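run15.cif (mmCIF, C-alpha atoms) appears below.
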data_work
#
loop_
_atom_site.group_PDB
_atom_site.id
_atom_site.type_symbol
_atom_site.label_atom_id
_atom_site.label_comp_id
_atom_site.auth_asym_id
_atom_site.auth_seq_id
_atom_site.Cartn_x
_atom_site.Cartn_y
_atom_site.Cartn_z
ATOM 1 C CA MET S 1 -127.046 -36.472 -161.677
ATOM 2 C CA HIS S 2 -126.104 -38.565 -158.610
ATOM 3 C CA ILE S 3 -129.233 -40.509 -157.613
ATOM 4 C CA PRO S 4 -129.707 -40.592 -153.823
ATOM 5 C CA ASP S 5 -131.044 -43.632 -151.987
ATOM 6 C CA GLY S 6 -134.820 -43.725 -151.899
ATOM 7 C CA PHE S 7 -135.362 -42.620 -155.519
ATOM 8 C CA LEU S 8 -135.144 -46.162 -156.975
ATOM 9 C CA ASP S 9 -137.137 -49.227 -155.970
ATOM 10 C CA THR S 10 -135.543 -52.561 -155.092
ATOM 11 C CA LYS S 11 -135.878 -54.311 -158.462
ATOM 12 C CA THR S 12 -134.338 -51.309 -160.238
ATOM 13 C CA TRP S 13 -131.344 -50.756 -158.002
ATOM 14 C CA ILE S 14 -130.584 -54.473 -157.805
ATOM 15 C CA SER S 15 -130.726 -54.776 -161.616
ATOM 16 C CA PHE S 16 -128.332 -51.885 -162.084
ATOM 17 C CA TRP S 17 -125.993 -53.171 -159.380
ATOM 18 C CA ALA S 18 -125.867 -56.448 -161.329
ATOM 19 C CA ILE S 19 -125.235 -54.718 -164.665
ATOM 20 C CA SER S 20 -122.605 -52.337 -163.321
ATOM 21 C CA PHE S 21 -120.704 -54.795 -161.167
ATOM 22 C CA GLY S 22 -120.878 -57.431 -163.911
ATOM 23 C CA SER S 23 -119.344 -54.869 -166.271
ATOM 24 C CA LEU S 24 -116.723 -53.941 -163.689
ATOM 25 C CA SER S 25 -115.591 -57.537 -163.283
ATOM 26 C CA ILE S 26 -115.294 -57.838 -167.076
ATOM 27 C CA ALA S 27 -113.344 -54.556 -167.095
ATOM 28 C CA VAL S 28 -110.893 -55.849 -164.480
ATOM 29 C CA LYS S 29 -110.243 -58.996 -166.542
ATOM 30 C CA LYS S 30 -109.786 -56.936 -169.716
ATOM 31 C CA VAL S 31 -107.226 -54.528 -168.266
ATOM 32 C CA LYS S 32 -105.310 -57.026 -166.158
ATOM 33 C CA ASN S 33 -102.861 -58.077 -168.834
ATOM 34 C CA GLN S 34 -102.362 -54.725 -170.512
ATOM 35 C CA LEU S 35 -102.161 -52.362 -167.547
ATOM 36 C CA GLU S 36 -98.675 -50.870 -167.420
ATOM 37 C CA GLU S 37 -97.002 -49.820 -164.202
ATOM 38 C CA LYS S 38 -96.528 -46.267 -165.482
ATOM 39 C CA THR S 39 -100.255 -45.844 -166.095
ATOM 40 C CA ILE S 40 -101.122 -46.303 -162.403
ATOM 41 C CA PRO S 41 -100.110 -42.761 -161.263
ATOM 42 C CA LEU S 42 -102.101 -41.394 -164.218
ATOM 43 C CA MET S 43 -105.181 -43.269 -162.955
ATOM 44 C CA GLY S 44 -104.745 -41.553 -159.600
ATOM 45 C CA VAL S 45 -104.188 -38.056 -160.893
ATOM 46 C CA LEU S 46 -106.997 -38.214 -163.468
ATOM 47 C CA GLY S 47 -109.382 -39.584 -160.842
ATOM 48 C CA ALA S 48 -108.395 -36.822 -158.403
ATOM 49 C CA PHE S 49 -108.803 -34.173 -161.100
ATOM 50 C CA VAL S 50 -112.257 -35.412 -162.117
ATOM 51 C CA PHE S 51 -113.340 -35.592 -158.476
ATOM 52 C CA ALA S 52 -112.300 -31.960 -157.935
ATOM 53 C CA ALA S 53 -113.887 -30.827 -161.210
ATOM 54 C CA GLN S 54 -117.171 -32.495 -160.215
ATOM 55 C CA MET S 55 -117.347 -30.225 -157.159
ATOM 56 C CA LEU S 56 -117.491 -27.104 -159.327
ATOM 57 C CA ASN S 57 -121.154 -26.749 -160.217
ATOM 58 C CA PHE S 58 -121.844 -24.149 -162.866
ATOM 59 C CA PRO S 59 -125.234 -22.446 -163.246
ATOM 60 C CA VAL S 60 -127.168 -23.452 -166.389
ATOM 61 C CA LEU S 61 -130.647 -22.044 -166.017
ATOM 62 C CA ASN S 62 -132.388 -19.895 -163.453
ATOM 63 C CA GLY S 63 -131.969 -21.857 -160.261
ATOM 64 C CA THR S 64 -130.325 -24.965 -161.709
ATOM 65 C CA SER S 65 -126.717 -26.035 -161.902
ATOM 66 C CA GLY S 66 -124.718 -28.803 -163.465
ATOM 67 C CA HIS S 67 -121.221 -30.146 -163.140
ATOM 68 C CA PHE S 68 -118.587 -31.857 -165.228
ATOM 69 C CA VAL S 69 -118.861 -35.663 -165.059
ATOM 70 C CA GLY S 70 -115.614 -36.600 -166.783
ATOM 71 C CA GLY S 71 -116.409 -40.126 -167.975
ATOM 72 C CA VAL S 72 -115.602 -39.405 -171.608
ATOM 73 C CA LEU S 73 -112.329 -37.679 -170.728
ATOM 74 C CA ILE S 74 -111.223 -40.587 -168.533
ATOM 75 C CA GLY S 75 -112.390 -43.107 -171.150
ATOM 76 C CA ILE S 76 -110.382 -41.455 -173.924
ATOM 77 C CA ILE S 77 -107.184 -41.204 -171.865
ATOM 78 C CA LEU S 78 -107.285 -44.487 -169.945
ATOM 79 C CA GLY S 79 -109.392 -46.538 -172.346
ATOM 80 C CA PRO S 80 -112.976 -47.666 -171.791
ATOM 81 C CA TYR S 81 -112.329 -50.435 -169.244
ATOM 82 C CA LEU S 82 -109.707 -48.812 -167.037
ATOM 83 C CA GLY S 83 -111.795 -45.646 -167.355
ATOM 84 C CA LEU S 84 -114.843 -47.430 -165.974
ATOM 85 C CA ILE S 85 -112.799 -48.666 -163.023
ATOM 86 C CA VAL S 86 -111.547 -45.158 -162.131
ATOM 87 C CA MET S 87 -115.010 -43.604 -162.523
ATOM 88 C CA SER S 88 -116.395 -46.281 -160.188
ATOM 89 C CA VAL S 89 -113.743 -45.451 -157.574
ATOM 90 C CA ILE S 90 -114.833 -41.786 -157.696
ATOM 91 C CA LEU S 91 -118.556 -42.625 -157.473
ATOM 92 C CA LEU S 92 -117.986 -45.098 -154.618
ATOM 93 C CA LEU S 93 -116.077 -42.556 -152.526
ATOM 94 C CA GLN S 94 -118.589 -39.795 -153.290
ATOM 95 C CA SER S 95 -121.330 -42.057 -152.005
ATOM 96 C CA LEU S 96 -119.513 -43.320 -148.895
ATOM 97 C CA LEU S 97 -117.727 -40.176 -147.726
ATOM 98 C CA PHE S 98 -119.788 -37.305 -149.107
ATOM 99 C CA ALA S 99 -123.385 -38.637 -149.314
ATOM 100 C CA ASP S 100 -123.275 -37.634 -152.996
ATOM 101 C CA GLY S 101 -125.312 -40.423 -154.561
ATOM 102 C CA GLY S 102 -126.721 -43.346 -152.596
ATOM 103 C CA ILE S 103 -125.174 -46.706 -151.840
ATOM 104 C CA LEU S 104 -128.100 -48.817 -153.104
ATOM 105 C CA THR S 105 -128.258 -46.554 -156.155
ATOM 106 C CA LEU S 106 -124.490 -46.793 -156.740
ATOM 107 C CA GLY S 107 -125.027 -49.370 -159.499
ATOM 108 C CA ALA S 108 -127.386 -47.027 -161.350
ATOM 109 C CA ASN S 109 -124.987 -44.108 -160.862
ATOM 110 C CA ILE S 110 -122.051 -46.164 -162.140
ATOM 111 C CA PHE S 111 -124.193 -47.089 -165.135
ATOM 112 C CA ASN S 112 -125.387 -43.531 -165.914
ATOM 113 C CA MET S 113 -122.143 -41.655 -165.320
ATOM 114 C CA GLY S 114 -119.442 -44.323 -165.476
ATOM 115 C CA LEU S 115 -120.433 -46.892 -168.063
ATOM 116 C CA ILE S 116 -122.144 -44.454 -170.439
ATOM 117 C CA GLY S 117 -119.296 -41.956 -170.191
ATOM 118 C CA THR S 118 -116.344 -44.294 -170.439
ATOM 119 C CA ILE S 119 -117.418 -47.225 -172.629
ATOM 120 C CA PHE S 120 -120.103 -45.615 -174.778
ATOM 121 C CA GLY S 121 -118.190 -42.302 -174.734
ATOM 122 C CA TYR S 122 -114.963 -43.929 -175.852
ATOM 123 C CA TYR S 123 -116.529 -45.625 -178.868
ATOM 124 C CA ILE S 124 -118.679 -42.665 -179.860
ATOM 125 C CA TYR S 125 -115.594 -40.403 -179.654
ATOM 126 C CA ASN S 126 -113.617 -42.674 -181.959
ATOM 127 C CA PHE S 127 -116.576 -43.022 -184.310
ATOM 128 C CA PHE S 128 -116.939 -39.259 -184.698
ATOM 129 C CA LYS S 129 -113.190 -38.736 -184.866
ATOM 130 C CA LYS S 130 -113.119 -41.043 -187.861
ATOM 131 C CA ILE S 131 -116.101 -39.349 -189.543
ATOM 132 C CA LEU S 132 -114.669 -35.893 -188.852
ATOM 133 C CA LYS S 133 -111.282 -36.874 -190.273
ATOM 134 C CA GLY S 134 -109.393 -36.710 -187.000
ATOM 135 C CA ASN S 135 -110.976 -33.598 -185.516
ATOM 136 C CA PHE S 136 -110.659 -34.629 -181.877
ATOM 137 C CA PHE S 137 -112.067 -31.337 -180.562
ATOM 138 C CA ILE S 138 -115.503 -31.664 -182.183
ATOM 139 C CA ALA S 139 -115.533 -35.453 -181.670
ATOM 140 C CA SER S 140 -114.891 -35.137 -177.934
ATOM 141 C CA PHE S 141 -117.446 -32.332 -177.651
ATOM 142 C CA ILE S 142 -120.118 -34.536 -179.236
ATOM 143 C CA ALA S 143 -119.144 -37.539 -177.092
ATOM 144 C CA GLY S 144 -119.201 -35.418 -173.910
ATOM 145 C CA TRP S 145 -122.578 -33.888 -174.744
ATOM 146 C CA LEU S 146 -124.133 -37.224 -175.723
ATOM 147 C CA SER S 147 -122.814 -39.019 -172.629
ATOM 148 C CA VAL S 148 -124.595 -36.559 -170.320
ATOM 149 C CA VAL S 149 -127.832 -36.540 -172.327
ATOM 150 C CA ILE S 150 -127.954 -40.352 -172.560
ATOM 151 C CA GLY S 151 -127.045 -40.658 -168.867
ATOM 152 C CA ALA S 152 -130.010 -38.364 -168.087
ATOM 153 C CA PHE S 153 -132.213 -40.472 -170.367
ATOM 154 C CA PHE S 154 -131.335 -43.639 -168.424
ATOM 155 C CA CYS S 155 -131.788 -41.809 -165.139
ATOM 156 C CA SER S 156 -135.348 -40.822 -166.092
ATOM 157 C CA LEU S 157 -135.970 -44.404 -167.224
ATOM 158 C CA GLN S 158 -134.804 -45.771 -163.850
ATOM 159 C CA LEU S 159 -136.975 -43.240 -162.024
ATOM 160 C CA SER S 160 -140.032 -44.229 -164.031
ATOM 161 C CA ILE S 161 -139.470 -48.003 -163.660
ATOM 162 C CA SER S 162 -139.234 -47.338 -159.917
ATOM 163 C CA GLY S 163 -142.546 -45.494 -159.969
ATOM 164 C CA THR S 164 -140.882 -42.310 -158.714
ATOM 165 C CA VAL S 165 -141.838 -40.036 -161.617
ATOM 166 C CA PRO S 166 -143.587 -41.033 -164.863
ATOM 167 C CA LEU S 167 -141.490 -41.042 -168.011
ATOM 168 C CA SER S 168 -143.784 -38.491 -169.667
ATOM 169 C CA LEU S 169 -142.703 -35.936 -167.043
ATOM 170 C CA GLY S 170 -139.226 -37.108 -166.045
ATOM 171 C CA LEU S 171 -137.809 -37.729 -169.495
ATOM 172 C CA PRO S 172 -138.362 -34.283 -171.100
ATOM 173 C CA SER S 173 -137.212 -32.387 -168.022
ATOM 174 C CA MET S 174 -134.162 -34.579 -167.299
ATOM 175 C CA VAL S 175 -133.033 -34.673 -170.925
ATOM 176 C CA GLY S 176 -133.890 -30.975 -171.410
ATOM 177 C CA ILE S 177 -131.803 -29.733 -168.479
ATOM 178 C CA HIS S 178 -128.959 -32.108 -169.276
ATOM 179 C CA ALA S 179 -128.895 -31.029 -172.921
ATOM 180 C CA LEU S 180 -127.698 -27.699 -171.490
ATOM 181 C CA ILE S 181 -125.393 -29.194 -168.851
ATOM 182 C CA GLY S 182 -123.957 -31.407 -171.610
ATOM 183 C CA ILE S 183 -122.663 -28.339 -173.462
ATOM 184 C CA GLY S 184 -120.437 -27.679 -170.449
ATOM 185 C CA GLU S 185 -119.377 -31.339 -170.379
ATOM 186 C CA GLY S 186 -118.501 -31.281 -174.098
ATOM 187 C CA LEU S 187 -116.561 -28.029 -173.895
ATOM 188 C CA ILE S 188 -114.575 -28.972 -170.783
ATOM 189 C CA THR S 189 -113.748 -32.400 -172.264
ATOM 190 C CA SER S 190 -112.513 -30.836 -175.536
ATOM 191 C CA LEU S 191 -110.496 -28.107 -173.814
ATOM 192 C CA ILE S 192 -108.755 -30.486 -171.432
ATOM 193 C CA LEU S 193 -107.950 -32.886 -174.269
ATOM 194 C CA SER S 194 -106.426 -30.012 -176.286
ATOM 195 C CA PHE S 195 -104.323 -29.103 -173.264
ATOM 196 C CA ILE S 196 -103.182 -32.704 -172.762
ATOM 197 C CA PHE S 197 -102.391 -33.193 -176.465
ATOM 198 C CA LYS S 198 -100.269 -30.016 -176.455
ATOM 199 C CA ILE S 199 -98.079 -31.518 -173.750
ATOM 200 C CA LYS S 200 -98.119 -35.126 -174.847
ATOM 201 C CA LYS S 201 -99.571 -35.995 -178.207
ATOM 202 C CA ASP S 202 -99.719 -39.756 -177.668
ATOM 203 C CA LEU S 203 -101.334 -39.807 -174.252
ATOM 204 C CA VAL S 204 -104.393 -41.708 -175.336
ATOM 205 C CA TYR S 205 -105.392 -45.279 -174.887
ATOM 206 C CA GLN S 206 -104.128 -47.405 -177.759
ATOM 207 C CA LYS S 207 -106.041 -50.538 -178.453
ATOM 208 C CA VAL S 208 -103.889 -53.572 -177.767
ATOM 209 C CA MET D 209 -95.780 -38.398 -168.591
ATOM 210 C CA LYS D 210 -94.207 -36.727 -165.535
ATOM 211 C CA LYS D 211 -95.282 -33.350 -166.899
ATOM 212 C CA ILE D 212 -98.894 -34.472 -167.226
ATOM 213 C CA ILE D 213 -98.906 -35.817 -163.663
ATOM 214 C CA LEU D 214 -97.419 -32.564 -162.346
ATOM 215 C CA TYR D 215 -99.823 -30.322 -164.276
ATOM 216 C CA GLY D 216 -102.682 -32.600 -163.292
ATOM 217 C CA PHE D 217 -101.842 -32.132 -159.619
ATOM 218 C CA ILE D 218 -101.504 -28.364 -159.931
ATOM 219 C CA ILE D 219 -104.813 -27.981 -161.782
ATOM 220 C CA THR D 220 -106.547 -30.280 -159.283
ATOM 221 C CA ILE D 221 -105.301 -28.185 -156.344
ATOM 222 C CA VAL D 222 -106.467 -24.988 -158.087
ATOM 223 C CA LEU D 223 -109.920 -26.521 -158.644
ATOM 224 C CA VAL D 224 -110.220 -27.538 -154.990
ATOM 225 C CA VAL D 225 -109.261 -24.033 -153.851
ATOM 226 C CA LEU D 226 -111.883 -22.621 -156.230
ATOM 227 C CA SER D 227 -114.582 -25.061 -155.081
ATOM 228 C CA PRO D 228 -116.291 -22.608 -152.658
ATOM 229 C CA ILE D 229 -117.356 -20.462 -155.642
ATOM 230 C CA ALA D 230 -119.298 -23.367 -157.194
ATOM 231 C CA SER D 231 -122.959 -22.667 -157.910
ATOM 232 C CA SER D 232 -125.136 -23.693 -154.983
ATOM 233 C CA PHE D 233 -128.224 -24.078 -157.164
ATOM 234 C CA PRO D 234 -129.686 -27.614 -157.156
ATOM 235 C CA ASP D 235 -128.282 -29.792 -159.937
ATOM 236 C CA GLY D 236 -130.361 -31.163 -162.807
ATOM 237 C CA LEU D 237 -131.756 -34.196 -160.995
ATOM 238 C CA GLU D 238 -132.343 -32.279 -157.723
ATOM 239 C CA LYS D 239 -134.240 -29.631 -159.648
ATOM 240 C CA VAL D 240 -136.411 -32.219 -161.423
ATOM 241 C CA SER D 241 -137.117 -33.900 -158.066
ATOM 242 C CA GLU D 242 -138.266 -30.536 -156.672
ATOM 243 C CA ILE D 243 -140.468 -29.742 -159.686
ATOM 244 C CA PHE D 244 -142.237 -33.106 -159.527
ATOM 245 C CA ASN D 245 -142.307 -33.327 -155.725
ATOM 246 C CA PHE D 246 -140.212 -36.404 -155.098
ATOM 247 C CA SER D 247 -137.170 -34.769 -153.525
ATOM 248 C CA GLU D 248 -138.369 -35.846 -150.052
ATOM 249 C CA LYS D 249 -137.988 -39.489 -151.162
ATOM 250 C CA GLY D 250 -134.198 -39.104 -150.935
ATOM 251 C CA ILE D 251 -132.724 -40.673 -147.813
ATOM 252 C CA ASN D 252 -129.259 -41.137 -146.333
ATOM 253 C CA LEU D 253 -128.694 -44.800 -145.544
ATOM 254 C CA ILE D 254 -125.144 -44.359 -144.378
ATOM 255 C CA ASN D 255 -123.817 -41.704 -142.093
ATOM 256 C CA SER D 256 -121.285 -40.114 -144.422
ATOM 257 C CA PRO D 257 -118.584 -38.298 -142.472
ATOM 258 C CA ILE D 258 -118.362 -35.369 -144.893
ATOM 259 C CA ALA D 259 -121.952 -35.171 -146.166
ATOM 260 C CA ASP D 260 -122.508 -32.447 -148.770
ATOM 261 C CA TYR D 261 -118.804 -31.698 -148.970
ATOM 262 C CA SER D 262 -118.553 -29.870 -145.690
ATOM 263 C CA LEU D 263 -116.816 -30.701 -142.445
ATOM 264 C CA ARG D 264 -119.197 -29.895 -139.636
ATOM 265 C CA SER D 265 -116.428 -29.179 -137.161
ATOM 266 C CA ILE D 266 -115.164 -26.241 -139.216
ATOM 267 C CA LYS D 267 -117.201 -23.059 -138.956
ATOM 268 C CA ASN D 268 -115.826 -21.244 -142.004
ATOM 269 C CA ASP D 269 -117.861 -22.527 -144.986
ATOM 270 C CA SER D 270 -115.210 -21.927 -147.643
ATOM 271 C CA LEU D 271 -112.461 -23.533 -145.610
ATOM 272 C CA SER D 272 -114.747 -26.462 -144.809
ATOM 273 C CA THR D 273 -115.479 -27.066 -148.521
ATOM 274 C CA ILE D 274 -111.808 -26.763 -149.487
ATOM 275 C CA LEU D 275 -110.732 -29.242 -146.807
ATOM 276 C CA ALA D 276 -113.506 -31.646 -147.851
ATOM 277 C CA GLY D 277 -112.232 -31.298 -151.428
ATOM 278 C CA PHE D 278 -108.669 -32.124 -150.411
ATOM 279 C CA ILE D 279 -109.815 -35.169 -148.460
ATOM 280 C CA GLY D 280 -111.776 -36.303 -151.533
ATOM 281 C CA VAL D 281 -108.890 -35.703 -153.922
ATOM 282 C CA LEU D 282 -106.454 -37.612 -151.710
ATOM 283 C CA THR D 283 -108.776 -40.560 -151.123
ATOM 284 C CA VAL D 284 -109.650 -40.847 -154.842
ATOM 285 C CA PHE D 285 -105.956 -40.667 -155.754
ATOM 286 C CA PHE D 286 -105.009 -43.224 -153.137
ATOM 287 C CA LEU D 287 -107.815 -45.696 -153.892
ATOM 288 C CA SER D 288 -107.296 -45.453 -157.688
ATOM 289 C CA PHE D 289 -103.621 -46.133 -157.107
ATOM 290 C CA VAL D 290 -104.318 -49.133 -154.876
ATOM 291 C CA VAL D 291 -106.921 -50.514 -157.301
ATOM 292 C CA GLY D 292 -104.473 -50.145 -160.203
ATOM 293 C CA TYR D 293 -101.753 -51.855 -158.214
ATOM 294 C CA VAL D 294 -104.017 -54.707 -157.116
ATOM 295 C CA ILE D 295 -105.263 -55.298 -160.672
ATOM 296 C CA LYS D 296 -101.692 -55.346 -161.957
ATOM 297 C CA ARG D 297 -100.093 -57.451 -159.252
ATOM 298 C CA VAL D 298 -102.661 -59.656 -157.586
ATOM 299 C CA LYS D 299 -103.735 -62.854 -159.285
ATOM 300 C CA ILE D 300 -107.490 -63.034 -159.431
#
For the file at hand, write its structure as structure tokens.
Amino acid sequence: MHIPDGFLDTKTWISFWAISFGSLSIAVKKVKNQLEEKTIPLMGVLGAFVFAAQMLNFPVLNGTSGHFVGGVLIGIILGPYLGLIVMSVILLLQSLLFADGGILTLGANIFNMGLIGTIFGYYIYNFFKKILKGNFFIASFIAGWLSVVIGAFFCSLQLSISGTVPLSLGLPSMVGIHALIGIGEGLITSLILSFIFKIKKDLVYQKV
Amino acid sequence: MKKIILYGFIITIVLVVLSPIASSFPDGLEKVSEIFNFSEKGINLINSPIADYSLRSIKNDSLSTILAGFIGVLTVFFLSFVVGYVIKRVKI
């Protein structure tokens, strides 16, 4: 879902740069006082893992593929704000080094895959975990699925505001394909969380 | 915590080694851009050294992807680490 340069017009990419980098500066202030030294290696290893996992596209339909995004996973483990920071590091390097996602469109990509996954994903996960009486597996599946579908929704919105493709065409196809890709996102998120919880039950962000 | 870091590294290395088997089909957005004829709008504004996760100097495609993956993994690890350290230590 990485938007390349050229897909968004100036007003759209500037707006999303403002939203995403405004959110990032808030995130830095929020984590500054609670970030523990021992969490820093975990930021690195989780970021590296998600980067590698994003390379593994899986086929979803005839001729289409999708890949794990990882925002919800990172948000649950590192918390929404530190999660957003790590996701932004990944998206920045993908854009600069690998031409995966544009540089002008980086703000929109941070919004669609970083902000939605980590901040929205974190709260939606905890909401469903509460409703489902602590069932983290289903809760993280739902959060993973929703994060991808809502990210695709915003992506089609950005494309239509930019005049690239009308919402009536872009929205159903983007959300439709990503409703399938999201199943992969949900499953991978749930499976990795189960694995992590087996090793270390308390390795989740605790609200301070 | 040490166990998680260790397992995390091992799994990450396994994923990078597996990366050549990834589906080469266009992803969701690429596919939509092809269906509605706006894929040609995409441009590269910066000359990324490892565009599309392959090192041009290496002829073997699989090896090229794996090396690109390792470079990515190391840079993400390093930059996340530095960012974490800066946030923790530097007064803003």
Starting from chain S, keep only residues with some atom at most 7 Å from an atom of chain D, counting only C-alpha atoms, and report them as an MDAnalysis selection string. chainID S and resid 1 4:7 28 32 35 40:45 47:49 51:53 55:59 63:66 86 89:90 96:100 164 173:174 177:178
Determine the residue membership of the PyMOL selection byres ((chain S and resi 139) around 9) for the file above and supply it as a CSV table (one decimal) with C-alpha atoms, keeping the file's coordinate frame.
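Just written: result24.csv:
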chain,number,residue,atom,x,y,z
S,124,ILE,CA,-118.7,-42.7,-179.9
S,125,TYR,CA,-115.6,-40.4,-179.7
S,126,ASN,CA,-113.6,-42.7,-182.0
S,127,PHE,CA,-116.6,-43.0,-184.3
S,128,PHE,CA,-116.9,-39.3,-184.7
S,129,LYS,CA,-113.2,-38.7,-184.9
S,130,LYS,CA,-113.1,-41.0,-187.9
S,131,ILE,CA,-116.1,-39.3,-189.5
S,132,LEU,CA,-114.7,-35.9,-188.9
S,134,GLY,CA,-109.4,-36.7,-187.0
S,135,ASN,CA,-111.0,-33.6,-185.5
S,136,PHE,CA,-110.7,-34.6,-181.9
S,137,PHE,CA,-112.1,-31.3,-180.6
S,138,ILE,CA,-115.5,-31.7,-182.2
S,140,SER,CA,-114.9,-35.1,-177.9
S,141,PHE,CA,-117.4,-32.3,-177.7
S,142,ILE,CA,-120.1,-34.5,-179.2
S,143,ALA,CA,-119.1,-37.5,-177.1
S,144,GLY,CA,-119.2,-35.4,-173.9
S,190,SER,CA,-112.5,-30.8,-175.5
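For the atom pair formed by CA of Gly182 in chain S and CA of Val149 in chain S, the distance is 6.5 Å, given to one decimal.
Each of S:Leu187, S:Ala27, S:Ile161, S:Val148 was compared to Val69 in chain S using only C-alpha atoms, and S:Val148 turns out to be the nearest.
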Around all the atoms of range 218-228 of chain D listed in the file, with 8 Å of room on each side, what axis-aligned box do you get, giving centre and edge lengths in Å to one decimal, as lines of an AutoDock Vina configuration file?
center_x = -108.9
center_y = -26.4
center_z = -157.2
size_x = 30.8
size_y = 23.7
size_z = 25.1
Between CA of Leu91 in chain S and CA of Asn109 in chain S, distance in Å (one decimal): 7.4 Å
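For the pair CA of Asn268 in chain D and CA of Leu93 in chain S, the separation is 23.8 Å.
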Picked residues, the PyMOL selection byres ((chain S and resi 119) around 9), as a short mmCIF file (atom, residue, chain, number, x, y, z; two decimals) with C-alpha atoms, in the coordinates of the input:
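Contents of expr32.cif, as written:
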data_model
loop_
_atom_site.label_atom_id
_atom_site.label_comp_id
_atom_site.auth_asym_id
_atom_site.auth_seq_id
_atom_site.Cartn_x
_atom_site.Cartn_y
_atom_site.Cartn_z
CA GLY S 71 -116.41 -40.13 -167.98
CA VAL S 72 -115.60 -39.40 -171.61
CA GLY S 75 -112.39 -43.11 -171.15
CA GLY S 79 -109.39 -46.54 -172.35
CA PRO S 80 -112.98 -47.67 -171.79
CA TYR S 81 -112.33 -50.44 -169.24
CA GLY S 83 -111.80 -45.65 -167.36
CA LEU S 84 -114.84 -47.43 -165.97
CA GLY S 114 -119.44 -44.32 -165.48
CA LEU S 115 -120.43 -46.89 -168.06
CA ILE S 116 -122.14 -44.45 -170.44
CA GLY S 117 -119.30 -41.96 -170.19
CA THR S 118 -116.34 -44.29 -170.44
CA PHE S 120 -120.10 -45.62 -174.78
CA GLY S 121 -118.19 -42.30 -174.73
CA TYR S 122 -114.96 -43.93 -175.85
CA TYR S 123 -116.53 -45.62 -178.87
CA ILE S 124 -118.68 -42.66 -179.86
#
